[in-house]
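Text of my_file-v5.tsv, listed as TSV, C-alpha atoms:
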```tsv
chain	number	residue	atom	x	y	z
A	817	MET	CA	-9.69	-22.33	22.09
A	818	SER	CA	-7.79	-20.36	24.69
A	819	ASP	CA	-8.83	-18.20	27.61
A	820	ASN	CA	-7.22	-15.27	25.85
A	821	HIS	CA	-9.54	-15.69	22.88
A	822	ASP	CA	-12.50	-15.81	25.24
A	823	ASP	CA	-11.28	-12.43	26.55
A	824	GLY	CA	-11.34	-11.01	23.02
A	825	VAL	CA	-7.61	-11.39	22.32
A	826	LEU	CA	-7.23	-12.20	18.61
A	827	LEU	CA	-3.47	-11.84	18.27
A	828	ASP	CA	-1.22	-12.62	21.21
A	829	VAL	CA	2.53	-12.47	20.63
A	830	ARG	CA	5.04	-12.85	23.45
A	831	ASN	CA	8.82	-12.62	22.99
A	832	LEU	CA	8.68	-13.19	19.23
A	833	ASN	CA	12.02	-13.52	17.46
A	834	VAL	CA	12.31	-13.84	13.68
A	835	SER	CA	15.55	-14.15	11.73
A	836	TYR	CA	16.50	-14.73	8.11
A	837	GLY	CA	19.65	-16.73	7.56
A	838	GLY	CA	20.84	-15.86	11.06
A	839	ASN	CA	20.12	-12.15	10.64
A	840	PRO	CA	17.56	-10.93	13.19
A	841	ALA	CA	14.51	-9.11	11.80
A	842	VAL	CA	12.29	-9.07	14.91
A	843	ILE	CA	13.66	-9.21	18.45
A	844	GLY	CA	11.67	-9.91	21.62
A	845	MET	CA	8.38	-8.62	20.24
A	846	ASN	CA	5.25	-8.42	22.41
A	847	LEU	CA	1.98	-7.52	20.69
A	848	THR	CA	-1.75	-7.89	21.36
A	849	VAL	CA	-4.79	-7.17	19.18
A	850	ARG	CA	-8.27	-7.42	20.66
A	851	ALA	CA	-11.69	-7.77	19.06
A	852	GLY	CA	-13.01	-4.48	17.73
A	853	GLN	CA	-9.62	-2.84	18.27
A	854	ILE	CA	-7.19	-1.33	15.76
A	855	THR	CA	-3.58	-1.73	16.80
A	856	GLY	CA	-1.11	0.35	14.81
A	857	LEU	CA	2.36	-0.98	14.07
A	858	ILE	CA	4.68	1.74	12.84
A	859	GLY	CA	8.30	1.99	11.79
A	860	GLU	CA	10.53	2.79	8.87
A	861	SER	CA	11.34	0.35	6.07
A	862	GLY	CA	13.29	-2.61	7.45
A	863	SER	CA	12.05	-2.16	11.02
A	864	GLY	CA	10.40	-5.61	11.05
A	865	LYS	CA	6.75	-4.55	11.03
A	866	SER	CA	5.78	-6.37	7.81
A	867	THR	CA	7.62	-9.47	9.02
A	868	ILE	CA	5.24	-9.58	11.99
A	869	GLY	CA	2.22	-9.26	9.69
A	870	MET	CA	3.45	-12.05	7.44
A	871	ALA	CA	4.15	-14.23	10.48
A	872	ALA	CA	0.56	-13.71	11.65
A	873	MET	CA	-0.59	-15.02	8.25
A	874	GLY	CA	1.84	-17.93	8.15
A	875	LEU	CA	3.41	-16.47	5.00
A	876	LEU	CA	7.06	-16.18	6.02
A	877	PRO	CA	9.52	-17.97	3.72
A	878	GLY	CA	10.75	-21.41	4.70
A	879	TYR	CA	14.22	-20.16	5.61
A	880	ALA	CA	12.80	-17.80	8.28
A	881	ARG	CA	13.41	-18.94	11.84
A	882	VAL	CA	10.52	-18.11	14.16
A	883	GLU	CA	10.64	-18.49	17.93
A	884	ALA	CA	8.26	-17.21	20.59
A	885	ASP	CA	7.09	-17.87	24.12
A	886	ARG	CA	3.55	-17.48	22.81
A	887	PHE	CA	2.06	-16.91	19.36
A	888	THR	CA	-1.71	-17.34	19.02
A	889	VAL	CA	-4.22	-16.20	16.40
A	890	ALA	CA	-7.86	-16.20	17.55
A	891	GLY	CA	-6.90	-18.56	20.36
A	892	ARG	CA	-5.03	-21.03	18.14
A	893	ASP	CA	-1.38	-21.77	18.76
A	894	VAL	CA	0.18	-21.14	15.34
A	895	LEU	CA	3.84	-21.48	16.26
A	896	GLY	CA	5.42	-24.14	14.06
A	897	LEU	CA	2.34	-24.82	11.90
A	898	SER	CA	3.00	-26.25	8.45
A	899	ASP	CA	1.64	-24.53	5.34
A	900	ALA	CA	-1.04	-27.24	5.10
A	901	GLU	CA	-2.10	-26.49	8.69
A	902	TRP	CA	-2.14	-22.75	7.99
A	903	ARG	CA	-4.27	-23.06	4.86
A	904	PRO	CA	-7.71	-23.41	6.53
A	905	LEU	CA	-6.93	-20.46	8.82
A	906	ARG	CA	-6.08	-17.98	6.08
A	907	GLY	CA	-9.14	-16.05	5.02
A	908	ALA	CA	-11.46	-17.79	7.47
A	909	VAL	CA	-9.66	-16.82	10.72
A	910	VAL	CA	-7.08	-14.24	9.69
A	911	SER	CA	-6.99	-12.30	6.44
A	912	MET	CA	-4.74	-9.68	4.88
A	913	VAL	CA	-5.04	-6.48	2.86
A	914	PHE	CA	-1.86	-5.57	0.98
A	915	GLN	CA	-0.48	-2.20	-0.08
A	916	GLU	CA	-0.95	-2.61	-3.83
A	917	PRO	CA	-4.46	-3.88	-4.72
A	918	LEU	CA	-3.59	-4.67	-8.35
A	919	SER	CA	-1.12	-7.31	-7.19
A	920	ALA	CA	-3.94	-9.06	-5.30
A	921	LEU	CA	-6.40	-9.08	-8.21
A	922	ASN	CA	-6.52	-11.08	-11.43
A	923	PRO	CA	-6.67	-8.63	-14.36
A	924	THR	CA	-8.46	-11.19	-16.57
A	925	MET	CA	-11.41	-11.73	-14.21
A	926	THR	CA	-14.29	-9.46	-13.31
A	927	ILE	CA	-14.52	-8.03	-9.81
A	928	GLY	CA	-17.69	-9.98	-9.14
A	929	ARG	CA	-16.17	-13.31	-10.12
A	930	GLN	CA	-13.12	-12.78	-7.92
A	931	ILE	CA	-15.22	-11.97	-4.87
A	932	ALA	CA	-17.51	-14.91	-5.65
A	933	LEU	CA	-14.49	-17.24	-5.66
A	934	ALA	CA	-13.41	-15.88	-2.29
A	935	LEU	CA	-16.90	-16.53	-0.92
A	936	ARG	CA	-16.98	-20.08	-2.25
A	937	ASN	CA	-13.51	-20.83	-0.89
A	938	HIS	CA	-14.70	-20.24	2.66
A	939	HIS	CA	-18.45	-20.84	2.66
A	940	THR	CA	-21.00	-23.06	1.02
A	941	VAL	CA	-22.94	-20.42	-0.89
A	942	PRO	CA	-25.92	-21.50	-3.05
A	943	ALA	CA	-25.39	-20.55	-6.67
A	944	ASP	CA	-28.44	-18.29	-6.70
A	945	ALA	CA	-27.18	-16.38	-3.64
A	946	VAL	CA	-23.61	-15.66	-4.77
A	947	ARG	CA	-24.47	-12.48	-6.66
A	948	ASP	CA	-26.45	-11.03	-3.75
A	949	GLU	CA	-23.69	-11.83	-1.25
A	950	THR	CA	-21.06	-10.32	-3.53
A	951	ILE	CA	-23.06	-7.11	-3.83
A	952	ALA	CA	-23.63	-7.07	-0.07
A	953	LEU	CA	-19.87	-7.26	0.52
A	954	LEU	CA	-19.23	-4.38	-1.86
A	955	ARG	CA	-21.88	-2.35	-0.06
A	956	LYS	CA	-20.20	-3.13	3.26
A	957	VAL	CA	-16.97	-1.58	1.96
A	958	ARG	CA	-18.94	1.38	0.58
A	959	LEU	CA	-18.17	0.86	-3.11
A	960	PRO	CA	-20.69	2.93	-5.11
A	961	ASP	CA	-22.97	1.20	-7.61
A	962	PRO	CA	-21.95	-2.37	-6.71
A	963	GLU	CA	-24.44	-3.91	-9.15
A	964	ARG	CA	-22.46	-2.38	-12.02
A	965	ARG	CA	-19.02	-2.88	-10.49
A	966	ILE	CA	-19.31	-6.67	-10.31
A	967	GLY	CA	-19.20	-6.83	-14.09
A	968	GLN	CA	-16.09	-4.64	-14.38
A	969	TYR	CA	-12.40	-5.57	-14.56
A	970	PRO	CA	-9.68	-4.20	-12.26
A	971	HIS	CA	-8.33	-1.76	-14.87
A	972	GLN	CA	-11.74	-0.07	-14.98
A	973	LEU	CA	-11.62	0.98	-11.30
A	974	SER	CA	-9.61	3.67	-9.53
A	975	GLY	CA	-7.00	2.91	-6.88
A	976	GLY	CA	-9.38	3.65	-4.01
A	977	GLN	CA	-12.12	1.53	-5.57
A	978	LEU	CA	-9.69	-1.35	-6.07
A	979	GLN	CA	-8.62	-1.19	-2.45
A	980	ARG	CA	-12.27	-1.46	-1.40
A	981	VAL	CA	-12.61	-4.55	-3.58
A	982	VAL	CA	-9.54	-6.12	-1.96
A	983	ILE	CA	-10.95	-5.34	1.49
A	984	ALA	CA	-14.25	-6.98	0.46
A	985	MET	CA	-12.35	-10.09	-0.61
A	986	ALA	CA	-10.49	-10.14	2.72
A	987	LEU	CA	-13.84	-9.98	4.54
A	988	ALA	CA	-15.43	-12.71	2.41
A	989	GLY	CA	-14.20	-15.46	4.75
A	990	ARG	CA	-15.60	-13.62	7.80
A	991	PRO	CA	-12.23	-13.54	9.57
A	992	GLU	CA	-11.76	-12.58	13.19
A	993	LEU	CA	-8.43	-10.82	12.60
A	994	LEU	CA	-7.47	-8.54	9.70
A	995	ILE	CA	-3.88	-7.60	8.87
A	996	ALA	CA	-3.61	-4.38	6.86
A	997	ASP	CA	-0.09	-3.85	5.49
A	998	GLU	CA	0.38	-0.25	4.28
A	999	PRO	CA	-3.09	-0.29	2.66
A	1000	THR	CA	-3.31	3.48	2.03
A	1001	THR	CA	0.24	4.33	0.97
A	1002	ALA	CA	-0.50	4.42	-2.77
A	1003	LEU	CA	-3.65	6.55	-2.40
A	1004	ASP	CA	-4.06	10.30	-2.51
A	1005	VAL	CA	-4.92	12.11	0.71
A	1006	THR	CA	-8.68	12.39	0.13
A	1007	VAL	CA	-9.11	8.73	-0.82
A	1008	GLN	CA	-6.78	7.70	1.99
A	1009	ALA	CA	-9.04	9.41	4.54
A	1010	ARG	CA	-12.08	7.50	3.27
A	1011	ILE	CA	-10.28	4.15	3.40
A	1012	LEU	CA	-9.16	4.90	6.96
A	1013	GLU	CA	-12.77	5.67	7.90
A	1014	LEU	CA	-13.74	2.33	6.37
A	1015	PHE	CA	-11.24	0.38	8.48
A	1016	ARG	CA	-12.47	2.16	11.61
A	1017	ALA	CA	-16.08	1.29	10.71
A	1018	ILE	CA	-15.17	-2.36	10.09
A	1019	ALA	CA	-13.63	-2.66	13.55
A	1020	ASP	CA	-16.50	-0.85	15.24
A	1021	ASP	CA	-19.36	-2.53	13.37
A	1022	THR	CA	-18.11	-6.11	13.05
A	1023	GLY	CA	-15.82	-6.58	16.04
A	1024	ILE	CA	-12.95	-7.68	13.82
A	1025	GLY	CA	-9.53	-6.97	15.31
A	1026	ILE	CA	-7.18	-5.10	12.97
A	1027	LEU	CA	-3.40	-4.92	12.94
A	1028	PHE	CA	-2.70	-1.81	10.86
A	1029	ILE	CA	0.90	-1.60	9.60
A	1030	SER	CA	2.23	1.74	8.40
A	1031	HIS	CA	5.31	3.95	8.20
A	1032	ASP	CA	3.10	7.04	8.66
A	1033	LEU	CA	2.43	8.06	12.26
A	1034	GLY	CA	-0.15	10.58	11.03
A	1035	VAL	CA	-2.21	7.74	9.56
A	1036	ILE	CA	-1.88	5.62	12.69
A	1037	SER	CA	-2.86	8.53	14.95
A	1038	ARG	CA	-6.19	8.89	13.12
A	1039	ILE	CA	-7.59	5.41	13.59
A	1040	ALA	CA	-5.56	3.26	16.00
A	1041	ASP	CA	-6.62	2.50	19.57
A	1042	ARG	CA	-3.11	1.38	20.45
A	1043	VAL	CA	0.24	1.79	18.74
A	1044	THR	CA	3.59	0.03	18.82
A	1045	VAL	CA	6.63	1.87	17.46
A	1046	MET	CA	9.37	-0.34	15.96
A	1047	LEU	CA	13.03	0.39	15.29
A	1048	ASN	CA	15.57	-2.15	13.99
A	1049	GLY	CA	13.31	-5.09	14.86
A	1050	VAL	CA	12.58	-3.92	18.40
A	1051	ALA	CA	9.44	-2.36	19.89
A	1052	VAL	CA	10.78	0.87	21.39
A	1053	GLN	CA	7.43	2.20	22.61
A	1054	SER	CA	3.93	0.78	22.97
A	1055	GLY	CA	0.65	1.81	24.54
A	1056	PRO	CA	-2.67	3.60	23.96
A	1057	THR	CA	-2.29	5.91	20.98
A	1058	ASN	CA	-2.99	9.09	22.94
A	1059	ASP	CA	-0.38	8.16	25.56
A	1060	VAL	CA	2.27	7.43	22.93
A	1061	LEU	CA	1.57	10.66	21.04
A	1062	HIS	CA	1.24	12.98	24.00
A	1063	GLY	CA	3.02	11.29	26.92
A	1064	ARG	CA	6.63	10.43	27.62
A	1065	GLN	CA	8.16	9.54	24.27
A	1066	HIS	CA	11.10	7.51	23.07
A	1067	PRO	CA	13.49	9.69	20.97
A	1068	TYR	CA	12.54	7.79	17.81
A	1069	THR	CA	8.83	8.44	18.43
A	1070	LYS	CA	9.68	12.13	18.82
A	1071	ALA	CA	11.54	12.01	15.51
A	1072	LEU	CA	8.54	10.43	13.76
A	1073	LEU	CA	6.25	13.11	15.17
A	1074	ALA	CA	8.65	15.85	14.10
A	1075	ALA	CA	8.56	14.46	10.56
A	1076	LEU	CA	4.80	14.90	10.22
A	1077	PRO	CA	3.76	17.61	7.71
A	1078	GLY	CA	3.80	21.02	9.37
A	1079	SER	CA	6.06	19.84	12.19
A	1080	VAL	CA	9.38	20.85	10.63
A	1081	PRO	CA	10.35	23.64	8.24
A	1082	PRO	CA	10.50	22.74	4.51
A	1083	ARG	CA	13.62	20.90	3.33
A	1084	GLN	CA	14.76	20.21	6.89
A	1085	PRO	CA	15.91	16.56	7.12
A	1086	LEU	CA	14.66	14.24	9.83
A	1087	ARG	CA	17.56	13.97	12.26
A	1088	VAL	CA	17.75	10.90	14.50
A	1089	LEU	CA	20.40	10.13	17.08
A	1090	PRO	CA	22.84	7.34	16.14
A	1091	ASP	CA	22.92	5.94	19.68
A	1092	PHE	CA	19.27	4.88	19.82
A	1093	LEU	CA	19.30	3.77	16.19
A	1094	THR	CA	21.85	1.12	17.15
A	1095	ARG	CA	20.74	0.35	20.72
A	1096	GLY	CA	17.08	-0.45	19.95
A	1097	GLU	CA	16.26	-0.04	23.63
A	1098	ASN	CA	12.75	-0.65	24.98
A	1099	GLN	CA	10.69	2.13	26.48
A	1100	SER	CA	7.06	1.83	27.50
```
Go ahead and express the file in the form of structure tokens.
Amino acid sequence: MSDNHDDGVLLDVRNLNVSYGGNPAVIGMNLTVRAGQITGLIGESGSGKSTIGMAAMGLLPGYARVEADRFTVAGRDVLGLSDAEWRPLRGAVVSMVFQEPLSALNPTMTIGRQIALALRNHHTVPADAVRDETIALLRKVRLPDPERRIGQYPHQLSGGQLQRVVIAMALAGRPELLIADEPTTALDVTVQARILELFRAIADDTGIGILFISHDLGVISRIADRVTVMLNGVAVQSGPTNDVLHGRQHPYTKALLAALPGSVPPRQPLRVLPDFLTRGENQS
């Protein structure tokens, strides 16, 4: 256990570099997530944000080259861990919620059975207590009528309901850090707002630290305490969300803000300057 973990630091990344086959995906990344805090990581497709999330779960492919001055998860040095060493950490220390809930669920198993398996994988749960704990998890993620839902199959639930089930499964191991990779992208606006409220409540009520990955600055602005803006593998701006949104801004951050609904006239393309697209310069 590290001093940083004692101070509530659940993800501590310093000078992280990730490359695939010699092609850099993340360059010189610094990132911190604290207990009870939501840190937003935003950037367009290919900016490297999902690579960071996968690295924090130990799920990068074997051909990825990962280097860092420091890379800890809940106080544990995870740099260079083998898959076997990562296995006891996944779910119990750090867990992940993916964009598409159907890909994370088995269509042939009931919701209740899948959550029960997640509980048993991480805790010794008496057989007569599994049902109650499963229902309690579904209540925690605010899924209506959990007693009935546990007997249903994934195809019987809506997209928002399925995402709540996936979040419940991610919480089953009582992790300290939660990685949420584009978890609201496939949802309509009303359902999206409720899921965002749920993530905020999870951080506030449980003290779990959340790294929330998104391409939508509007989403990040609603729930994140801090935000890091990525471009071409580089963090171009980072800080408290209010400072990033309303203070001195990197040109790319300005472009993201201009692209929010209502910020530009209809059918006007997002115009970004070629010089900072290629430079990837840092700006705090």
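For Phe1015 of chain A, the set of protein, DNA and RNA residues having any atom at most 9 Å away, when counting only C-alpha atoms and skipping those fewer than 3 positions along the same chain, is Ile854, Val957, Arg1010, Ile1011, Leu1012, Ile1018, Ala1019, Asp1020, Ile1026 and Ile1039 of chain A.
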Please tabulate, as a tab-separated table, the residues of segment 862-966 of chain A that come within 7 Å of segment 975-988 of chain A, each with its closest pair of atoms and the distance in Å to one decimal, counting all atoms listed in the file and ordering rows by chain, then residue number upward.
```
residue	atom	partner	partner_atom	distance
A:Gly907	CA	A:Ala986	CA	6.5
A:Ser911	CA	A:Ala986	CA	5.5
A:Met912	CA	A:Ala986	CA	6.2
A:Val913	CA	A:Ile983	CA	6.2
A:Pro917	CA	A:Gln979	CA	5.4
A:Ile931	CA	A:Met985	CA	5.5
A:Ala934	CA	A:Ala988	CA	6.0
A:Leu935	CA	A:Ala988	CA	5.3
A:Leu953	CA	A:Ala984	CA	5.6
A:Leu954	CA	A:Ala984	CA	6.1
A:Val957	CA	A:Arg980	CA	5.8
A:Leu959	CA	A:Gln977	CA	6.6
```
Return as a Markdown table the residues of segment 972-1017 of chain A lying at most 9 Å from segment 857-879 of chain A, together with the closest atom-to-atom pair for each and the distance in Å to one decimal, counting only C-alpha atoms, with rows in chain order and ascending residue number.
```
| residue | atom | partner | partner_atom | distance |
| --- | --- | --- | --- | --- |
| A:Ile995 | CA | A:Gly869 | CA | 6.4 |
| A:Ala996 | CA | A:Gly869 | CA | 8.1 |
| A:Asp997 | CA | A:Ser866 | CA | 6.8 |
| A:Glu998 | CA | A:Ser866 | CA | 8.9 |
```
Inset, instruction - One decimal, Å: what's the distance from atom CA of Gln853 of chain A over to atom CA of Leu895 of chain A, could you say? - result: 23.1 Å
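Taking atom CA of Gly1023 of chain A as the reference point, atom CA of Arg958 of chain A is found at 17.7 Å.
We find atom CA of Ser1030 of chain A and atom CA of Gly928 of chain A to be spaced 29.0 Å apart.
You can rank A:Arg1064, A:Arg850, A:Arg830, A:Arg947 by their closest distance to Arg1042 of chain A using only C-alpha atoms, and at the top of that list sits A:Arg850.
Among the candidates A:Gly824, A:Pro923, A:Pro1056, A:Gly837, the residue lying nearest to Gly852 of chain A is A:Gly824 (atoms considered: all atoms listed in the file).
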Legend entry - Contacts of Arg990 of chain A at 9 Å (only C-alpha atoms; same-chain gap of 5+ positions) as a PyMOL selection string: chain A and resi 907-911+938+1024
Inset, instruction - Compile the contact shell of Thr1057 of chain A as a ChimeraX atom specification: residues with an atom at most 10 Å away, counting all atoms listed in the file, same-chain residues fewer than 4 positions apart removed. - result: /A:855-856,1036-1044,1061-1063
Legend entry - Pick from A:Leu1003, A:Ala1017, A:Met925, A:Val894 nearest to Gln968 of chain A, counting all atoms listed in the file: A:Met925
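Counting all atoms listed in the file and comparing A:Thr940, A:Asn846, A:Asn839, A:Thr888, the residue that lies closest to Val825 of chain A is A:Thr888.
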